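Novice: For reference, the file target-v3.tsv (TSV, C-alpha atoms and all ligand atoms) is included below:
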chain	number	residue	atom	x	y	z
W	146	MET	CA	-13.70	27.70	24.43
W	147	ALA	CA	-15.24	24.33	23.51
W	148	LYS	CA	-12.78	21.53	22.81
W	149	PRO	CA	-12.54	20.32	19.18
W	150	LYS	CA	-14.42	17.03	18.68
W	151	VAL	CA	-12.83	14.18	16.76
W	152	LEU	CA	-14.40	11.00	15.44
W	153	ILE	CA	-12.24	7.91	14.90
W	154	SER	CA	-14.40	5.89	12.51
W	155	ASP	CA	-12.08	2.95	11.74
W	156	LYS	CA	-10.23	0.43	13.88
W	157	MET	CA	-7.13	2.27	15.03
W	158	ASP	CA	-4.45	1.72	17.63
W	159	PRO	CA	-5.71	3.11	21.00
W	160	ASN	CA	-2.72	5.48	21.15
W	161	ALA	CA	-4.59	7.73	18.69
W	162	ALA	CA	-7.48	8.37	21.12
W	163	ARG	CA	-5.01	8.90	23.97
W	164	ILE	CA	-3.04	11.52	21.99
W	165	PHE	CA	-6.20	13.39	20.95
W	166	GLU	CA	-7.29	13.61	24.58
W	167	GLU	CA	-3.84	14.62	25.84
W	168	ARG	CA	-3.71	17.37	23.20
W	169	GLY	CA	-7.05	18.90	24.20
W	170	CYS	CA	-9.62	17.21	21.92
W	171	ASP	CA	-12.75	15.26	22.78
W	172	VAL	CA	-12.77	11.97	20.95
W	173	ASP	CA	-15.34	9.33	20.03
W	174	VAL	CA	-14.25	5.95	18.70
W	175	LYS	CA	-16.95	4.35	16.51
W	176	PRO	CA	-15.50	1.84	14.06
W	177	GLY	CA	-17.75	-0.16	11.73
W	178	MET	CA	-20.55	2.39	11.21
W	179	SER	CA	-22.70	2.17	8.09
W	180	LYS	CA	-22.60	5.10	5.67
W	181	GLU	CA	-26.02	6.23	6.93
W	182	GLU	CA	-24.83	6.16	10.55
W	183	LEU	CA	-21.75	8.18	9.61
W	184	ILE	CA	-23.85	10.74	7.73
W	185	ALA	CA	-26.19	11.02	10.72
W	186	CYS	CA	-23.41	11.87	13.19
W	187	ILE	CA	-20.59	13.51	11.20
W	188	GLY	CA	-22.07	17.01	11.61
W	189	GLU	CA	-20.97	17.02	15.28
W	190	TYR	CA	-17.27	16.66	14.54
W	191	ASP	CA	-14.35	18.97	13.74
W	192	GLY	CA	-12.01	16.12	12.84
W	193	LEU	CA	-12.39	12.67	11.28
W	194	ALA	CA	-9.61	10.08	11.70
W	195	ILE	CA	-9.78	7.08	9.35
W	196	ARG	CA	-7.88	4.10	8.03
W	197	SER	CA	-9.26	2.47	4.87
W	198	ALA	CA	-12.74	1.18	5.72
W	199	THR	CA	-14.45	4.59	5.98
W	200	LYS	CA	-15.28	6.04	2.57
W	201	VAL	CA	-15.42	9.81	2.77
W	202	THR	CA	-17.64	10.47	-0.21
W	203	GLU	CA	-19.30	13.67	-1.38
W	204	ASP	CA	-22.53	12.95	0.53
W	205	VAL	CA	-20.60	12.31	3.75
W	206	LEU	CA	-18.80	15.63	3.26
W	207	GLU	CA	-22.11	17.35	2.52
W	208	ALA	CA	-23.32	16.32	5.99
W	209	ALA	CA	-20.00	17.25	7.65
W	210	THR	CA	-20.97	20.84	8.38
W	211	ASN	CA	-18.34	21.41	11.10
W	212	LEU	CA	-15.54	19.30	9.68
W	213	LYS	CA	-12.14	20.97	9.39
W	214	VAL	CA	-9.73	18.08	8.95
W	215	ILE	CA	-9.65	14.46	7.82
W	216	GLY	CA	-6.63	12.40	8.82
W	217	ARG	CA	-5.76	9.09	7.15
W	218	ALA	CA	-3.65	6.79	9.32
W	219	GLY	CA	-1.70	5.49	6.33
W	220	ILE	CA	-0.33	6.66	3.03
W	221	GLY	CA	-3.05	6.47	0.37
W	222	VAL	CA	-6.01	8.83	0.56
W	223	ASP	CA	-7.96	6.96	-2.15
W	224	ASN	CA	-10.93	6.59	0.20
W	225	VAL	CA	-11.41	10.35	0.47
W	226	ASP	CA	-13.08	12.48	-2.21
W	227	ILE	CA	-10.29	15.06	-2.26
W	228	PRO	CA	-11.90	17.57	-4.67
W	229	ALA	CA	-15.12	17.55	-2.59
W	230	ALA	CA	-13.13	17.99	0.65
W	231	SER	CA	-11.04	20.82	-0.84
W	232	SER	CA	-14.11	22.62	-2.15
W	233	LYS	CA	-15.49	22.63	1.41
W	234	GLY	CA	-12.17	23.84	2.85
W	235	VAL	CA	-11.58	20.54	4.69
W	236	VAL	CA	-7.87	19.75	5.04
W	237	VAL	CA	-6.88	16.14	4.24
W	238	MET	CA	-3.74	14.76	5.91
W	239	ASN	CA	-1.94	11.43	5.63
W	240	THR	CA	1.01	9.83	7.42
W	241	PRO	CA	3.45	9.17	4.62
W	242	PHE	CA	6.26	7.59	6.66
W	243	GLY	CA	4.74	5.56	9.49
W	244	ASN	CA	4.25	2.31	7.60
W	245	SER	CA	6.98	2.48	4.94
W	246	ILE	CA	9.36	-0.03	6.52
W	247	THR	CA	6.52	-2.44	7.19
W	248	THR	CA	5.24	-2.27	3.60
W	249	ALA	CA	8.76	-2.64	2.20
W	250	GLU	CA	9.28	-5.71	4.39
W	251	HIS	CA	6.03	-7.21	3.06
W	252	ALA	CA	7.29	-6.77	-0.51
W	253	ILE	CA	10.55	-8.52	0.41
W	254	ALA	CA	8.57	-11.33	2.10
W	255	MET	CA	6.56	-11.72	-1.13
W	256	ILE	CA	9.77	-11.91	-3.20
W	257	MET	CA	11.13	-14.68	-0.97
W	258	ALA	CA	7.77	-16.50	-0.88
W	259	LEU	CA	7.68	-16.48	-4.70
W	260	ALA	CA	11.30	-17.57	-5.05
W	261	ARG	CA	10.74	-20.67	-2.90
W	262	GLU	CA	6.98	-21.23	-3.42
W	263	ILE	CA	6.54	-21.21	0.34
W	264	PRO	CA	2.70	-20.90	0.43
W	265	ALA	CA	2.12	-23.91	-1.87
W	266	ALA	CA	4.83	-25.99	-0.18
W	267	ASN	CA	3.39	-25.17	3.24
W	268	GLU	CA	-0.14	-26.08	2.21
W	269	ARG	CA	0.82	-29.44	0.70
W	270	THR	CA	3.18	-30.37	3.54
W	271	GLN	CA	0.44	-29.70	6.09
W	272	LYS	CA	-1.88	-31.94	4.06
W	273	GLY	CA	0.60	-34.74	4.79
W	274	GLU	CA	1.97	-35.01	1.23
W	275	TRP	CA	5.67	-34.34	1.89
W	276	PRO	CA	6.08	-33.06	-1.71
W	277	LYS	CA	9.87	-32.68	-1.61
W	278	ASN	CA	10.37	-33.43	-5.30
W	279	ASP	CA	7.74	-30.99	-6.54
W	280	PHE	CA	9.44	-27.78	-5.55
W	281	MET	CA	12.56	-26.29	-7.05
W	282	GLY	CA	13.13	-22.68	-6.09
W	283	VAL	CA	15.46	-19.98	-7.35
W	284	GLU	CA	18.04	-17.96	-5.44
W	285	VAL	CA	17.59	-14.21	-5.27
W	286	THR	CA	21.34	-13.60	-4.91
W	287	GLY	CA	22.68	-12.14	-8.14
W	288	LYS	CA	19.17	-11.68	-9.61
W	289	THR	CA	17.98	-8.32	-10.90
W	290	LEU	CA	15.14	-6.60	-9.08
W	291	GLY	CA	13.21	-4.09	-11.18
W	292	LEU	CA	11.84	-1.38	-8.93
W	293	ILE	CA	8.95	0.65	-10.33
W	294	GLY	CA	8.80	3.64	-8.00
W	295	ALA	CA	11.88	4.57	-5.97
W	296	GLY	CA	10.32	6.89	-3.38
W	297	ASN	CA	9.87	6.35	0.29
W	298	ILE	CA	8.89	2.65	0.26
W	299	GLY	CA	10.72	1.75	-2.96
W	300	SER	CA	14.02	3.03	-1.60
W	301	ILE	CA	13.66	0.88	1.54
W	302	VAL	CA	12.89	-2.17	-0.64
W	303	ALA	CA	16.03	-1.38	-2.66
W	304	SER	CA	18.20	-1.22	0.46
W	305	ARG	CA	16.86	-4.58	1.70
W	306	ALA	CA	17.26	-6.17	-1.76
W	307	LEU	CA	20.85	-4.96	-1.98
W	308	GLY	CA	21.39	-6.61	1.42
W	309	LEU	CA	20.15	-9.84	-0.16
W	310	ARG	CA	22.82	-9.32	-2.85
W	311	MET	CA	20.34	-8.56	-5.61
W	312	LYS	CA	21.10	-6.00	-8.32
W	313	VAL	CA	18.50	-3.25	-8.39
W	314	VAL	CA	17.39	-1.32	-11.47
W	315	ALA	CA	14.87	1.43	-10.84
W	316	TYR	CA	12.31	3.22	-12.97
W	317	ASP	CA	10.98	6.43	-11.47
W	318	PRO	CA	10.58	9.68	-13.40
W	319	PHE	CA	11.39	11.60	-10.21
W	320	LEU	CA	14.60	9.69	-9.45
W	321	THR	CA	17.74	11.74	-10.09
W	322	GLU	CA	21.04	10.15	-11.14
W	323	GLU	CA	22.59	11.41	-7.88
W	324	ARG	CA	19.89	9.81	-5.75
W	325	ALA	CA	20.18	6.56	-7.72
W	326	VAL	CA	23.93	6.46	-7.01
W	327	GLU	CA	23.28	7.24	-3.34
W	328	MET	CA	20.77	4.35	-3.21
W	329	GLY	CA	23.13	1.96	-5.01
W	330	VAL	CA	20.65	1.34	-7.84
W	331	GLU	CA	20.79	1.82	-11.59
W	332	LYS	CA	18.26	4.28	-13.01
W	333	VAL	CA	16.65	2.82	-16.14
W	334	ASP	CA	13.60	3.41	-18.33
W	335	LEU	CA	10.67	1.00	-18.24
W	336	GLU	CA	11.70	-0.80	-21.45
W	337	GLU	CA	15.14	-1.56	-19.99
W	338	LEU	CA	13.58	-2.70	-16.71
W	339	GLU	CA	11.21	-5.05	-18.58
W	340	LYS	CA	14.15	-6.61	-20.43
W	341	ARG	CA	16.41	-7.07	-17.42
W	342	ALA	CA	14.34	-7.75	-14.31
W	343	ASP	CA	14.07	-11.26	-12.85
W	344	PHE	CA	11.74	-9.84	-10.20
W	345	ILE	CA	9.62	-6.69	-10.52
W	346	THR	CA	8.13	-4.85	-7.55
W	347	LEU	CA	5.80	-1.84	-7.72
W	348	HIS	CA	5.94	1.09	-5.31
W	349	THR	CA	3.96	3.95	-6.84
W	350	PRO	CA	0.63	5.52	-5.97
W	351	LEU	CA	-2.28	4.90	-8.37
W	352	THR	CA	-2.58	7.99	-10.58
W	353	ASP	CA	-3.63	8.65	-14.17
W	354	GLU	CA	0.04	8.17	-15.14
W	355	THR	CA	0.55	4.89	-13.28
W	356	ARG	CA	-2.82	3.19	-13.85
W	357	ASN	CA	-2.13	-0.08	-15.71
W	358	ILE	CA	1.57	0.72	-15.82
W	359	LEU	CA	2.12	-3.02	-16.21
W	360	ASN	CA	-0.40	-3.40	-19.03
W	361	ARG	CA	-0.73	-6.40	-21.34
W	362	GLU	CA	1.89	-5.10	-23.74
W	363	ARG	CA	4.48	-4.41	-21.06
W	364	LEU	CA	3.83	-7.67	-19.22
W	365	GLY	CA	4.30	-9.48	-22.54
W	366	ARG	CA	7.68	-7.82	-23.01
W	367	THR	CA	9.04	-8.88	-19.59
W	368	LYS	CA	11.77	-11.50	-19.34
W	369	LYS	CA	10.43	-15.07	-19.50
W	370	GLY	CA	10.25	-16.46	-15.96
W	371	VAL	CA	9.86	-13.06	-14.31
W	372	ARG	CA	8.23	-12.88	-10.87
W	373	ILE	CA	6.08	-9.86	-10.05
W	374	VAL	CA	5.11	-8.31	-6.70
W	375	ASN	CA	2.53	-5.59	-6.05
W	376	CYS	CA	2.16	-4.31	-2.50
W	377	ALA	CA	1.30	-0.77	-3.66
W	378	ARG	CA	-2.13	-0.31	-5.24
W	379	GLY	CA	-4.53	-2.42	-7.27
W	380	GLY	CA	-4.96	-1.03	-10.77
W	381	LEU	CA	-1.23	-0.81	-11.47
W	382	ILE	CA	-1.29	-4.23	-13.18
W	383	ASP	CA	-3.67	-5.61	-15.81
W	384	GLU	CA	-4.95	-8.59	-13.78
W	385	ALA	CA	-6.48	-10.40	-16.78
W	386	ALA	CA	-3.20	-10.23	-18.70
W	387	LEU	CA	-1.31	-11.34	-15.58
W	388	LYS	CA	-3.54	-14.42	-15.35
W	389	GLU	CA	-2.99	-15.29	-19.04
W	390	LEU	CA	0.79	-14.91	-18.78
W	391	LEU	CA	0.92	-17.00	-15.59
W	392	ASP	CA	-1.12	-19.70	-17.35
W	393	SER	CA	1.16	-19.64	-20.40
W	394	GLY	CA	4.25	-19.90	-18.15
W	395	HIS	CA	5.76	-16.63	-19.40
W	396	ILE	CA	5.44	-15.20	-15.89
W	397	ALA	CA	6.75	-17.68	-13.30
W	398	GLY	CA	5.08	-16.12	-10.29
W	399	ALA	CA	3.06	-13.17	-9.06
W	400	ALA	CA	2.31	-11.96	-5.55
W	401	LEU	CA	-0.43	-9.41	-5.01
W	402	ASP	CA	-1.25	-7.71	-1.72
W	403	VAL	CA	-3.59	-5.31	-3.52
W	404	PHE	CA	-6.30	-5.80	-6.13
W	405	GLN	CA	-8.13	-3.70	-8.67
W	406	THR	CA	-11.34	-4.33	-6.69
W	407	GLU	CA	-11.11	-4.71	-2.92
W	408	PRO	CA	-12.08	-6.61	-0.95
W	409	ALA	CA	-11.10	-9.22	-3.54
W	410	LYS	CA	-13.31	-12.11	-2.49
W	411	ASP	CA	-13.21	-13.65	-5.95
W	412	SER	CA	-10.61	-13.32	-8.69
W	413	PRO	CA	-9.73	-15.31	-11.82
W	414	LEU	CA	-6.19	-15.31	-10.39
W	415	PHE	CA	-7.19	-17.37	-7.35
W	416	GLY	CA	-5.85	-20.91	-7.67
W	417	THR	CA	-3.54	-20.10	-10.59
W	418	PRO	CA	-0.23	-21.96	-10.20
W	419	GLY	CA	2.51	-19.50	-9.25
W	420	PHE	CA	0.05	-16.96	-7.85
W	421	ILE	CA	0.06	-15.94	-4.19
W	422	CYS	CA	-1.77	-13.16	-2.41
W	423	THR	CA	-2.54	-11.46	0.88
W	424	PRO	CA	-5.53	-9.23	1.77
W	425	HIS	CA	-3.90	-5.75	1.67
W	426	LEU	CA	-1.67	-6.51	4.65
W	427	GLY	CA	1.20	-4.28	3.53
W	428	ALA	CA	0.85	-1.93	6.50
W	429	SER	CA	-0.36	-4.49	9.01
W	430	THR	CA	2.27	-4.76	11.69
W	431	THR	CA	1.98	-3.72	15.31
W	432	GLU	CA	4.80	-1.22	14.86
W	433	ALA	CA	3.36	0.45	11.77
W	434	GLN	CA	-0.15	0.72	13.21
W	435	VAL	CA	1.19	2.39	16.37
W	436	ASN	CA	3.29	4.76	14.23
W	437	VAL	CA	0.45	5.85	11.94
W	438	ALA	CA	-2.06	6.19	14.80
W	439	LEU	CA	0.32	8.40	16.79
W	440	GLN	CA	1.22	10.48	13.74
W	441	VAL	CA	-2.31	11.05	12.55
W	442	ALA	CA	-3.52	12.07	16.02
W	443	GLU	CA	-0.55	14.40	16.59
W	444	GLN	CA	-1.00	16.11	13.22
W	445	MET	CA	-4.77	16.46	13.49
W	446	ALA	CA	-4.71	17.71	17.08
W	447	ASP	CA	-2.01	20.21	16.15
W	448	TYR	CA	-4.22	21.50	13.33
W	449	LEU	CA	-7.39	21.66	15.41
W	450	VAL	CA	-5.78	23.20	18.49
W	451	ASN	CA	-2.93	25.32	17.03
W	452	GLY	CA	-3.67	25.57	13.30
W	453	GLY	CA	-0.45	23.65	12.44
W	454	VAL	CA	-0.47	21.91	9.06
W	455	THR	CA	1.63	18.76	8.42
W	456	ASN	CA	1.38	16.26	5.54
W	457	ALA	CA	-1.70	17.90	4.03
W	501	LIG	C1	-1.61	2.80	2.99
W	501	LIG	O1	-2.14	3.51	2.12
W	501	LIG	O2	-1.08	3.28	3.99
W	501	LIG	C2	-1.59	1.32	2.85
W	501	LIG	O3	-2.11	0.87	1.67
W	501	LIG	C3	-2.13	0.64	4.04
W	501	LIG	C4	-3.60	0.47	4.16
W	501	LIG	O4	-4.38	1.00	3.38
W	501	LIG	O5	-4.00	-0.24	5.06
Spell out the structure here as C-alpha cells.
Ligand code: MLT
Specialist:
Amino acid sequence: MAKPKVLISDKMDPNAARIFEERGCDVDVKPGMSKEELIACIGEYDGLAIRSATKVTEDVLEAATNLKVIGRAGIGVDNVDIPAASSKGVVVMNTPFGNSITTAEHAIAMIMALAREIPAANERTQKGEWPKNDFMGVEVTGKTLGLIGAGNIGSIVASRALGLRMKVVAYDPFLTEERAVEMGVEKVDLEELEKRADFITLHTPLTDETRNILNRERLGRTKKGVRIVNCARGGLIDEAALKELLDSGHIAGAALDVFQTEPAKDSPLFGTPGFICTPHLGASTTEAQVNVALQVAEQMADYLVNGGVTNA
C-alpha cells in the first residue's frame, strides 16, 4: 500500500518531519509557498501540517482532492476554513497543550514589563540618556489580576501570578466554583473584574461571544490606572478605545502580543506612551515549538496510518 503523503507548508521544528517519516508517511517540507503554489500542489497530499502562515481557504480545500487531515501546530485554527474542511470530510486537528506554558509565561513577562516600563527604560538607557528620574514603577505584589478566561493557559497564568503574590479574580463562564477554589482564584463576573483588577489579562479564543469582550464601554468602566495584557487573540479588545483611554491616562499601560489585523505593521497604538507590543510571539520558545511539532506529527500520522483521532 502507498504511504500517506504529508506536506509541511510552514516553518516547523524538524522533529515533525522526522516523526512523520518514522511513523510511515512520506513528507515534503515547503514553507513560504504562495497561495497559487499551494493550490497547484495540494492535490498530491493526504495530510497538511501548518502553523499560522498558511491560510487554508475554501479554494485551497477545493484543490485538495486527496486531503484527509489538516494539523495545526498550535492552539488556534483561525487560519483554516473549518466549515469548508468539514463539508469535504477533512479532519482538522490542533495541539491544545504544547505551547500553554510558553504563552502563559509571555503574559507574565508582559505584566512585569508594564509594571516597570522595561521597554521604554531600556530604549532610553541605550540611547545614553540614563533617565533614572523618569521611571517610577509599581509592585505586582498584593495587586489584583483580573483573568478573562481560566482554561488551559489562563490557569497557568493564575498559578504564576499567585506565586508573585498577586490576588487573582477570574471571569470564565465555564469555570466552576470548585475549580476556582482548586486554582486559588476568586470567580467573579465581568463587572466585578472591571471594578477590582489592577491588571487584566485575556486568555480566551476569539468567538462570537468573546469578540470585543473589552469594548469601549467595559474599558471605560475599568479601574483608573489599570494595565491590560492580551496574548490571546486580536479582536478581543477595541483597539481604538484602548488608544483613547491610554491617551487620557485612564489606562496606565497596555501590552499586546496580538492585533485585530496581523501582521500589524502600522497601528494608531504604536508610539503611545504606556503601550508595548510584540509580534505574536506568545508561542515562540524553543520548547513550545518542539512540543507542538512533535504533537501535530504524532496525531496526524496516527490518523493517516491507523485512523486514530486526537484533538480534532
Ligand atoms: C496558537 O494559536 O497556538 C498561538 O497563537 C501561537 C501562534 O499562532 O503562533
Novice: Residues of chain W within 10 Å of ligand LIG 501 (chain W): nearest atom pair and distance (Å, one decimal) for each, counting only C-alpha atoms and all ligand atoms, sorted by chain and number, as a Markdown table?
Specialist:
| residue | atom | partner | partner_atom | distance |
| --- | --- | --- | --- | --- |
| W:Arg196 | CA | W:LIG501 | O5 | 6.5 |
| W:Ser197 | CA | W:LIG501 | O4 | 5.3 |
| W:Ala198 | CA | W:LIG501 | O4 | 8.7 |
| W:Arg217 | CA | W:LIG501 | O2 | 8.1 |
| W:Ala218 | CA | W:LIG501 | O2 | 6.9 |
| W:Gly219 | CA | W:LIG501 | O2 | 3.3 |
| W:Ile220 | CA | W:LIG501 | O2 | 3.6 |
| W:Gly221 | CA | W:LIG501 | O1 | 3.6 |
| W:Val222 | CA | W:LIG501 | O1 | 6.8 |
| W:Asp223 | CA | W:LIG501 | O1 | 8.0 |
| W:Asn224 | CA | W:LIG501 | O4 | 9.2 |
| W:Asn239 | CA | W:LIG501 | O2 | 8.4 |
| W:Thr240 | CA | W:LIG501 | O2 | 7.7 |
| W:Pro241 | CA | W:LIG501 | O2 | 7.5 |
| W:Phe242 | CA | W:LIG501 | O2 | 8.9 |
| W:Gly243 | CA | W:LIG501 | O2 | 8.3 |
| W:Asn244 | CA | W:LIG501 | O2 | 6.5 |
| W:Ser245 | CA | W:LIG501 | O2 | 8.2 |
| W:Thr247 | CA | W:LIG501 | C3 | 9.7 |
| W:Thr248 | CA | W:LIG501 | C2 | 7.8 |
| W:Pro350 | CA | W:LIG501 | O1 | 8.8 |
| W:Cys376 | CA | W:LIG501 | O3 | 7.9 |
| W:Ala377 | CA | W:LIG501 | O3 | 6.5 |
| W:Arg378 | CA | W:LIG501 | O3 | 7.0 |
| W:Gly379 | CA | W:LIG501 | O3 | 9.8 |
| W:Asp402 | CA | W:LIG501 | O3 | 9.3 |
| W:Val403 | CA | W:LIG501 | O3 | 8.2 |
| W:Pro424 | CA | W:LIG501 | O5 | 9.7 |
| W:His425 | CA | W:LIG501 | O5 | 6.5 |
| W:Leu426 | CA | W:LIG501 | O5 | 6.7 |
| W:Gly427 | CA | W:LIG501 | C3 | 6.0 |
| W:Ala428 | CA | W:LIG501 | C3 | 4.6 |
| W:Ser429 | CA | W:LIG501 | O5 | 6.8 |
| W:Ala433 | CA | W:LIG501 | O2 | 9.4 |
| W:Gln434 | CA | W:LIG501 | O5 | 9.1 |
| W:Val437 | CA | W:LIG501 | O2 | 8.5 |
Novice: Taking only C-alpha atoms into account, which of W:Ala295, W:Phe404, W:Phe420, W:Met281 comes nearest Pro264 of chain W?
Specialist: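 Closest residue, counting only C-alpha atoms: W:Phe420.
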Novice: For Ile164 of chain W, which of W:Ala230, W:Ala265, W:Val435, W:Ala399 is the closest residue, counting only C-alpha atoms?
Specialist: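 Going through W:Ala230, W:Ala265, W:Val435, W:Ala399 one by one, the smallest distance to Ile164 of chain W is for W:Val435.
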Novice: Might you pull out every residue within 10 Å of Val314 of chain W, with only C-alpha atoms counted and same-chain residues fewer than 5 positions away left off, and present them as a list in words?
Specialist: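 Once the nearby chain positions are removed, what remains is Thr289, Leu290, Gly291, Leu292, Ile293, Ala295, Ala303, Ala325, Gly329, Val330, Glu331, Lys332, Val333, Asp334, Leu335, Glu337, Leu338, Arg341, Ala342 and Ile345 of chain W.
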Novice: Atom CA of Val371 of chain W and atom CA of Ala252 of chain W, how far apart in Å?
Specialist: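 Atom-to-atom, atom CA of Ala252 of chain W to atom CA of Val371 of chain W, that is 15.4 Å.
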Novice: Taking all atoms listed in the file into account, which of W:Ala457, W:Pro318, W:Ala254, W:Lys213 comes nearest Thr423 of chain W?
Specialist: W:Ala254
Novice: So that I can see what lies close to Arg372 of chain W, please list as a ChimeraX atom specification the residues with an atom at most 6 Å from it, counting all atoms listed in the file and leaving out residues fewer than 6 positions away in the same chain.
Specialist: /W:344,397-399
Novice: Quick one: residues within 9 Å of segment 165-182 of chain W, all atoms listed in the file, excluding same-chain residues fewer than 3 positions away - as a PyMOL selection string?
Specialist: chain W and resi 148-157+160-162+185-187+198-200+205+442-443+445-447+449-450
